[in-house]
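Source file: protein-v5.pdb. Holds: PDB, C-alpha atoms.
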ATOM      1  CA  MET M 401       0.000   0.000   0.000  1.00  0.00           C
ATOM      2  CA  LYS M 402       1.364   3.396  -0.996  1.00  0.00           C
ATOM      3  CA  GLU M 403       1.630   5.902   1.837  1.00  0.00           C
ATOM      4  CA  LYS M 404       0.182   9.391   1.455  1.00  0.00           C
ATOM      5  CA  ALA M 405       2.725  12.021   0.402  1.00  0.00           C
ATOM      6  CA  LEU M 406       3.661  14.453   3.147  1.00  0.00           C
ATOM      7  CA  LEU M 407       4.005  17.408   0.736  1.00  0.00           C
ATOM      8  CA  SER M 408       0.664  18.712  -0.518  1.00  0.00           C
ATOM      9  CA  ASN M 409       1.482  21.565  -2.939  1.00  0.00           C
ATOM     10  CA  ILE M 410       3.891  24.371  -3.781  1.00  0.00           C
ATOM     11  CA  TYR M 411       3.001  27.473  -1.787  1.00  0.00           C
ATOM     12  CA  CYS M 412       5.785  29.919  -2.725  1.00  0.00           C
ATOM     13  CA  VAL M 413       8.289  30.168  -5.550  1.00  0.00           C
ATOM     14  CA  TYR M 414      11.343  32.423  -5.271  1.00  0.00           C
ATOM     15  CA  MET M 415      12.854  33.913  -8.427  1.00  0.00           C
ATOM     16  CA  PRO M 416      15.867  36.178  -8.943  1.00  0.00           C
ATOM     17  CA  SER M 417      15.295  39.612 -10.440  1.00  0.00           C
ATOM     18  CA  ASP M 418      17.479  42.594 -11.288  1.00  0.00           C
ATOM     19  CA  ASP M 419      14.380  44.826 -11.059  1.00  0.00           C
ATOM     20  CA  PRO M 420      11.643  43.371  -8.810  1.00  0.00           C
ATOM     21  CA  VAL M 421       9.280  46.341  -9.265  1.00  0.00           C
ATOM     22  CA  GLY M 422       9.543  46.433 -13.065  1.00  0.00           C
ATOM     23  CA  THR M 423       9.337  42.663 -13.374  1.00  0.00           C
ATOM     24  CA  ALA M 424       6.323  42.543 -11.012  1.00  0.00           C
ATOM     25  CA  ASN M 425       4.577  45.141 -13.175  1.00  0.00           C
ATOM     26  CA  TRP M 426       5.181  42.912 -16.226  1.00  0.00           C
ATOM     27  CA  TYR M 427       3.497  39.945 -14.456  1.00  0.00           C
ATOM     28  CA  ILE M 428       0.595  42.195 -13.413  1.00  0.00           C
ATOM     29  CA  GLN M 429       0.083  43.697 -16.888  1.00  0.00           C
ATOM     30  CA  ASN M 430       0.476  40.448 -18.827  1.00  0.00           C
ATOM     31  CA  PHE M 431      -1.018  37.854 -16.494  1.00  0.00           C
ATOM     32  CA  GLY M 432      -3.253  39.785 -14.085  1.00  0.00           C
ATOM     33  CA  LEU M 433      -1.373  38.731 -10.952  1.00  0.00           C
ATOM     34  CA  THR M 434      -1.944  40.842  -7.853  1.00  0.00           C
ATOM     35  CA  LEU M 435       0.240  42.424  -5.195  1.00  0.00           C
ATOM     36  CA  PRO M 436      -0.617  42.014  -1.504  1.00  0.00           C
ATOM     37  CA  ALA M 437      -0.741  45.207   0.564  1.00  0.00           C
ATOM     38  CA  GLY M 438       2.659  46.786   1.151  1.00  0.00           C
ATOM     39  CA  GLU M 439       4.249  45.321  -1.986  1.00  0.00           C
ATOM     40  CA  PRO M 440       6.539  45.840  -3.839  1.00  0.00           C
ATOM     41  CA  ASN M 441       9.722  47.537  -2.723  1.00  0.00           C
ATOM     42  CA  GLU M 442      13.055  47.963  -4.509  1.00  0.00           C
ATOM     43  CA  ASN M 443      14.411  44.650  -3.181  1.00  0.00           C
ATOM     44  CA  ARG M 444      11.370  42.374  -3.307  1.00  0.00           C
ATOM     45  CA  ALA M 445       8.003  41.933  -4.937  1.00  0.00           C
ATOM     46  CA  VAL M 446       5.401  39.368  -3.940  1.00  0.00           C
ATOM     47  CA  LEU M 447       2.789  38.390  -6.510  1.00  0.00           C
ATOM     48  CA  GLU M 448      -0.278  36.295  -5.804  1.00  0.00           C
ATOM     49  CA  LEU M 449      -1.765  33.832  -8.276  1.00  0.00           C
ATOM     50  CA  PRO M 450      -5.533  33.193  -8.258  1.00  0.00           C
ATOM     51  CA  SER M 451      -4.857  29.712  -6.833  1.00  0.00           C
ATOM     52  CA  GLY M 452      -3.306  31.302  -3.727  1.00  0.00           C
ATOM     53  CA  GLN M 453       0.319  30.504  -4.551  1.00  0.00           C
ATOM     54  CA  TRP M 454       2.841  33.297  -4.240  1.00  0.00           C
ATOM     55  CA  LEU M 455       5.638  34.253  -6.599  1.00  0.00           C
ATOM     56  CA  PHE M 456       8.464  36.175  -4.905  1.00  0.00           C
ATOM     57  CA  LEU M 457      10.883  38.244  -6.970  1.00  0.00           C
ATOM     58  CA  PHE M 458      14.078  39.038  -5.063  1.00  0.00           C
ATOM     59  CA  ARG M 459      16.735  41.512  -6.156  1.00  0.00           C
ATOM     60  CA  THR M 460      20.080  39.788  -6.666  1.00  0.00           C
ATOM     61  CA  PRO M 461      23.504  41.474  -6.505  1.00  0.00           C
ATOM     62  CA  ASP M 462      24.469  40.162  -9.947  1.00  0.00           C
ATOM     63  CA  LYS M 463      22.404  39.471 -13.050  1.00  0.00           C
ATOM     64  CA  THR M 464      21.218  35.902 -12.574  1.00  0.00           C
ATOM     65  CA  THR M 465      18.205  33.833 -13.568  1.00  0.00           C
ATOM     66  CA  ALA M 466      16.438  30.675 -12.467  1.00  0.00           C
ATOM     67  CA  ASN M 467      17.294  29.065 -15.827  1.00  0.00           C
ATOM     68  CA  PHE M 468      19.666  26.123 -16.073  1.00  0.00           C
ATOM     69  CA  ILE M 469      21.194  23.941 -18.766  1.00  0.00           C
ATOM     70  CA  ALA M 470      19.552  20.521 -19.034  1.00  0.00           C
ATOM     71  CA  VAL M 471      22.117  18.035 -20.373  1.00  0.00           C
ATOM     72  CA  HIS M 472      19.396  16.115 -22.198  1.00  0.00           C
ATOM     73  CA  ASN M 473      15.690  16.834 -22.540  1.00  0.00           C
ATOM     74  CA  VAL M 474      13.627  14.478 -24.723  1.00  0.00           C
ATOM     75  CA  ASP M 475      11.350  17.375 -25.747  1.00  0.00           C
ATOM     76  CA  TYR M 476      13.934  20.087 -26.376  1.00  0.00           C
ATOM     77  CA  GLY M 477      17.242  18.328 -27.095  1.00  0.00           C
ATOM     78  CA  ASP M 478      20.714  18.417 -25.588  1.00  0.00           C
ATOM     79  CA  ASN M 479      22.128  21.306 -23.559  1.00  0.00           C
ATOM     80  CA  PHE M 480      18.780  23.083 -23.494  1.00  0.00           C
ATOM     81  CA  ASN M 481      18.462  26.391 -21.613  1.00  0.00           C
ATOM     82  CA  MET M 482      15.670  25.121 -19.368  1.00  0.00           C
ATOM     83  CA  PHE M 483      12.853  27.091 -17.778  1.00  0.00           C
ATOM     84  CA  SER M 484      12.188  26.472 -14.087  1.00  0.00           C
ATOM     85  CA  LEU M 485       8.428  27.107 -14.039  1.00  0.00           C
ATOM     86  CA  THR M 486       5.442  26.167 -16.160  1.00  0.00           C
ATOM     87  CA  PHE M 487       2.302  28.251 -15.733  1.00  0.00           C
ATOM     88  CA  GLN M 488      -1.064  26.896 -16.840  1.00  0.00           C
ATOM     89  CA  VAL M 489      -3.564  29.138 -18.629  1.00  0.00           C
ATOM     90  CA  GLU M 490      -7.147  28.314 -19.572  1.00  0.00           C
ATOM     91  CA  HIS M 491      -6.885  29.137 -23.298  1.00  0.00           C
ATOM     92  CA  ILE M 492      -3.391  29.660 -24.664  1.00  0.00           C
ATOM     93  CA  THR M 493      -4.041  31.452 -27.968  1.00  0.00           C
ATOM     94  CA  PRO M 494      -5.246  34.805 -26.528  1.00  0.00           C
ATOM     95  CA  VAL M 495      -2.389  34.810 -24.010  1.00  0.00           C
ATOM     96  CA  TYR M 496       0.113  34.027 -26.763  1.00  0.00           C
ATOM     97  CA  GLU M 497      -1.234  36.791 -29.023  1.00  0.00           C
ATOM     98  CA  LEU M 498      -1.215  39.355 -26.184  1.00  0.00           C
ATOM     99  CA  LEU M 499       2.379  38.600 -25.248  1.00  0.00           C
ATOM    100  CA  LYS M 500       3.526  38.492 -28.877  1.00  0.00           C
ATOM    101  CA  SER M 501       1.962  41.910 -29.558  1.00  0.00           C
ATOM    102  CA  SER M 502       3.736  43.356 -26.501  1.00  0.00           C
ATOM    103  CA  GLY M 503       7.142  42.462 -27.961  1.00  0.00           C
ATOM    104  CA  SER M 504       7.979  39.835 -25.341  1.00  0.00           C
ATOM    105  CA  VAL M 505      10.925  37.501 -25.971  1.00  0.00           C
ATOM    106  CA  MET M 506       9.214  34.178 -26.688  1.00  0.00           C
ATOM    107  CA  THR M 507       9.118  31.052 -28.834  1.00  0.00           C
ATOM    108  CA  GLU M 508       6.433  30.086 -31.300  1.00  0.00           C
ATOM    109  CA  LEU M 509       3.281  28.385 -30.040  1.00  0.00           C
ATOM    110  CA  ASP M 510       3.975  24.650 -30.045  1.00  0.00           C
ATOM    111  CA  ASP M 511       1.385  21.894 -30.518  1.00  0.00           C
ATOM    112  CA  ARG M 512       2.658  19.167 -28.171  1.00  0.00           C
ATOM    113  CA  GLY M 513       0.095  16.584 -29.276  1.00  0.00           C
ATOM    114  CA  SER M 514      -1.578  14.822 -26.366  1.00  0.00           C
ATOM    115  CA  CYS M 515       0.388  17.080 -23.964  1.00  0.00           C
ATOM    116  CA  GLY M 516      -1.426  20.221 -25.117  1.00  0.00           C
ATOM    117  CA  TYR M 517       0.064  23.515 -26.312  1.00  0.00           C
ATOM    118  CA  SER M 518       2.917  25.592 -24.967  1.00  0.00           C
ATOM    119  CA  PHE M 519       5.430  28.331 -25.578  1.00  0.00           C
ATOM    120  CA  ILE M 520       8.428  29.655 -23.688  1.00  0.00           C
ATOM    121  CA  ILE M 521       8.770  33.293 -22.697  1.00  0.00           C
ATOM    122  CA  GLU M 522      11.313  35.369 -20.778  1.00  0.00           C
ATOM    123  CA  ASP M 523      10.258  37.789 -18.071  1.00  0.00           C
ATOM    124  CA  PRO M 524      12.090  41.167 -17.966  1.00  0.00           C
ATOM    125  CA  SER M 525      14.673  39.685 -15.568  1.00  0.00           C
ATOM    126  CA  GLY M 526      15.528  36.933 -18.084  1.00  0.00           C
ATOM    127  CA  ASN M 527      13.791  34.064 -16.270  1.00  0.00           C
ATOM    128  CA  ARG M 528      12.454  31.600 -18.831  1.00  0.00           C
ATOM    129  CA  LEU M 529       8.901  30.376 -18.221  1.00  0.00           C
ATOM    130  CA  ALA M 530       6.751  27.860 -20.037  1.00  0.00           C
ATOM    131  CA  ILE M 531       3.111  28.728 -20.605  1.00  0.00           C
ATOM    132  CA  TRP M 532       0.914  25.645 -21.087  1.00  0.00           C
ATOM    133  CA  SER M 533      -2.697  24.746 -21.792  1.00  0.00           C
ATOM    134  CA  ASP M 534      -4.600  21.767 -23.082  1.00  0.00           C
ATOM    135  CA  LEU M 535      -6.954  24.222 -24.869  1.00  0.00           C
ATOM    136  CA  LEU M 536      -6.198  26.629 -27.691  1.00  0.00           C
TER     137      LEU M 536
END
Could the structure of this file be written out as structure tokens, please?
Amino acid sequence: MKEKALLSNIYCVYMPSDDPVGTANWYIQNFGLTLPAGEPNENRAVLELPSGQWLFLFRTPDKTTANFIAVHNVDYGDNFNMFSLTFQVEHITPVYELLKSSGSVMTELDDRGSCGYSFIIEDPSGNRLAIWSDLL
């Protein structure tokens, strides 16, 4: 019999940022995330997702991102500059078109077959994010 997992969900995610205020504004304008009272300040921004999870953006002393090189990824190939987060959206096409029209750094919309649809985008701090949906 399999025992119940002790971890239930991800409550907070911490991301590096060279400009927490500017990057937070990008998440607010493009994804409708909200700021709790008292946020942001020059060293930190806290954003709340509708599901209740929080995304923290912390100023770092040097330009750094949450990206990493994956030696091998069956979907993206060898030595892929990997994103660290995948956000789910209800319908991906309007989100894709909005972000494309804003001049965001992003890939083309990818039909991943039975896995749905996705694209990769960079926030203003250079953090790569995947945006995913099973619906166009």
- Query: Near range 442-452 of chain M, within 12 Å and counting all atoms listed in the file, which residues show up once chain neighbours fewer than 4 positions away are dropped, as a PyMOL selection string?
  - Reply: chain M and resi 409-429+431-438+456-461+487-489
Selected residues written out with C-alpha atoms, as a PDB file, in the coordinates of the input:
ATOM      1  CA  ASN M 409       1.482  21.565  -2.939  1.00  0.00           C
ATOM      2  CA  ILE M 410       3.891  24.371  -3.781  1.00  0.00           C
ATOM      3  CA  TYR M 411       3.001  27.473  -1.787  1.00  0.00           C
ATOM      4  CA  CYS M 412       5.785  29.919  -2.725  1.00  0.00           C
ATOM      5  CA  VAL M 413       8.289  30.168  -5.550  1.00  0.00           C
ATOM      6  CA  TYR M 414      11.343  32.423  -5.271  1.00  0.00           C
ATOM      7  CA  MET M 415      12.854  33.913  -8.427  1.00  0.00           C
ATOM      8  CA  PRO M 416      15.867  36.178  -8.943  1.00  0.00           C
ATOM      9  CA  SER M 417      15.295  39.612 -10.440  1.00  0.00           C
ATOM     10  CA  ASP M 418      17.479  42.594 -11.288  1.00  0.00           C
ATOM     11  CA  ASP M 419      14.380  44.826 -11.059  1.00  0.00           C
ATOM     12  CA  PRO M 420      11.643  43.371  -8.810  1.00  0.00           C
ATOM     13  CA  VAL M 421       9.280  46.341  -9.265  1.00  0.00           C
ATOM     14  CA  GLY M 422       9.543  46.433 -13.065  1.00  0.00           C
ATOM     15  CA  THR M 423       9.337  42.663 -13.374  1.00  0.00           C
ATOM     16  CA  ALA M 424       6.323  42.543 -11.012  1.00  0.00           C
ATOM     17  CA  ASN M 425       4.577  45.141 -13.175  1.00  0.00           C
ATOM     18  CA  TRP M 426       5.181  42.912 -16.226  1.00  0.00           C
ATOM     19  CA  TYR M 427       3.497  39.945 -14.456  1.00  0.00           C
ATOM     20  CA  ILE M 428       0.595  42.195 -13.413  1.00  0.00           C
ATOM     21  CA  GLN M 429       0.083  43.697 -16.888  1.00  0.00           C
ATOM     22  CA  PHE M 431      -1.018  37.854 -16.494  1.00  0.00           C
ATOM     23  CA  GLY M 432      -3.253  39.785 -14.085  1.00  0.00           C
ATOM     24  CA  LEU M 433      -1.373  38.731 -10.952  1.00  0.00           C
ATOM     25  CA  THR M 434      -1.944  40.842  -7.853  1.00  0.00           C
ATOM     26  CA  LEU M 435       0.240  42.424  -5.195  1.00  0.00           C
ATOM     27  CA  PRO M 436      -0.617  42.014  -1.504  1.00  0.00           C
ATOM     28  CA  ALA M 437      -0.741  45.207   0.564  1.00  0.00           C
ATOM     29  CA  GLY M 438       2.659  46.786   1.151  1.00  0.00           C
ATOM     30  CA  PHE M 456       8.464  36.175  -4.905  1.00  0.00           C
ATOM     31  CA  LEU M 457      10.883  38.244  -6.970  1.00  0.00           C
ATOM     32  CA  PHE M 458      14.078  39.038  -5.063  1.00  0.00           C
ATOM     33  CA  ARG M 459      16.735  41.512  -6.156  1.00  0.00           C
ATOM     34  CA  THR M 460      20.080  39.788  -6.666  1.00  0.00           C
ATOM     35  CA  PRO M 461      23.504  41.474  -6.505  1.00  0.00           C
ATOM     36  CA  PHE M 487       2.302  28.251 -15.733  1.00  0.00           C
ATOM     37  CA  GLN M 488      -1.064  26.896 -16.840  1.00  0.00           C
ATOM     38  CA  VAL M 489      -3.564  29.138 -18.629  1.00  0.00           C
TER      39      VAL M 489
END
Next on the checklist: Give me the residues near range 498-515 of chain M as a PyMOL selection string, where near means some atom within 9 Å (using all atoms listed in the file) and where sequence neighbours in that chain fewer than 5 positions away do not count.
Outcome noted: chain M and resi 430+492-493+520-524+528+533-534
So that I can see what lies close to range 477-481 of chain M, please list as a list of chain:residue names the residues with an atom at most 7 Å from it, counting all atoms listed in the file and leaving out residues fewer than 5 positions away in the same chain.
M:Asn467, M:Phe468, M:Ile469, M:Ala470, M:Val471, M:His472
Print the selection's residues with C-alpha atoms to a file, as a tab-separated table (two decimals), keeping the file's coordinate frame.
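So part_14.tsv came out as:
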chain	number	residue	atom	x	y	z
M	467	ASN	CA	17.29	29.06	-15.83
M	468	PHE	CA	19.67	26.12	-16.07
M	469	ILE	CA	21.19	23.94	-18.77
M	470	ALA	CA	19.55	20.52	-19.03
M	471	VAL	CA	22.12	18.04	-20.37
M	472	HIS	CA	19.40	16.11	-22.20
| query | What does the distance between CA of Glu497 in chain M and CA of Ser525 in chain M come to in Å, to one decimal place? | reply |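 Value for the CA of Glu497 in chain M-CA of Ser525 in chain M distance: 21.0 Å.
As for CA of Glu490 in chain M and CA of Ser408 in chain M, they are spaced 22.7 Å apart.
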Picked residues, the PyMOL selection byres ((chain M and resi 484) around 9), as number ranges by chain: M: 466-468, 482-483, 485-486, 527-530
With C-alpha atoms retained, export the selected residues as a PDB file, in the coordinates of the input.
ATOM      1  CA  ALA M 466      16.438  30.675 -12.467  1.00  0.00           C
ATOM      2  CA  ASN M 467      17.294  29.065 -15.827  1.00  0.00           C
ATOM      3  CA  PHE M 468      19.666  26.123 -16.073  1.00  0.00           C
ATOM      4  CA  MET M 482      15.670  25.121 -19.368  1.00  0.00           C
ATOM      5  CA  PHE M 483      12.853  27.091 -17.778  1.00  0.00           C
ATOM      6  CA  LEU M 485       8.428  27.107 -14.039  1.00  0.00           C
ATOM      7  CA  THR M 486       5.442  26.167 -16.160  1.00  0.00           C
ATOM      8  CA  ASN M 527      13.791  34.064 -16.270  1.00  0.00           C
ATOM      9  CA  ARG M 528      12.454  31.600 -18.831  1.00  0.00           C
ATOM     10  CA  LEU M 529       8.901  30.376 -18.221  1.00  0.00           C
ATOM     11  CA  ALA M 530       6.751  27.860 -20.037  1.00  0.00           C
TER      12      ALA M 530
END
| Pairwise distance for CA of Pro494 in chain M and CA of Gly526 in chain M, rounded to one decimal in Å |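 According to the coordinates, CA of Pro494 in chain M and CA of Gly526 in chain M are separated by 22.5 Å.
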Discussion item. Given only C-alpha atoms as the basis, pick out the residue of M:Asp475, M:Asn441, M:Val495, M:Phe519 nearest to Trp532 in chain M.
Written reply: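 Of the candidates, the smallest distance to Trp532 in chain M is held by M:Phe519.
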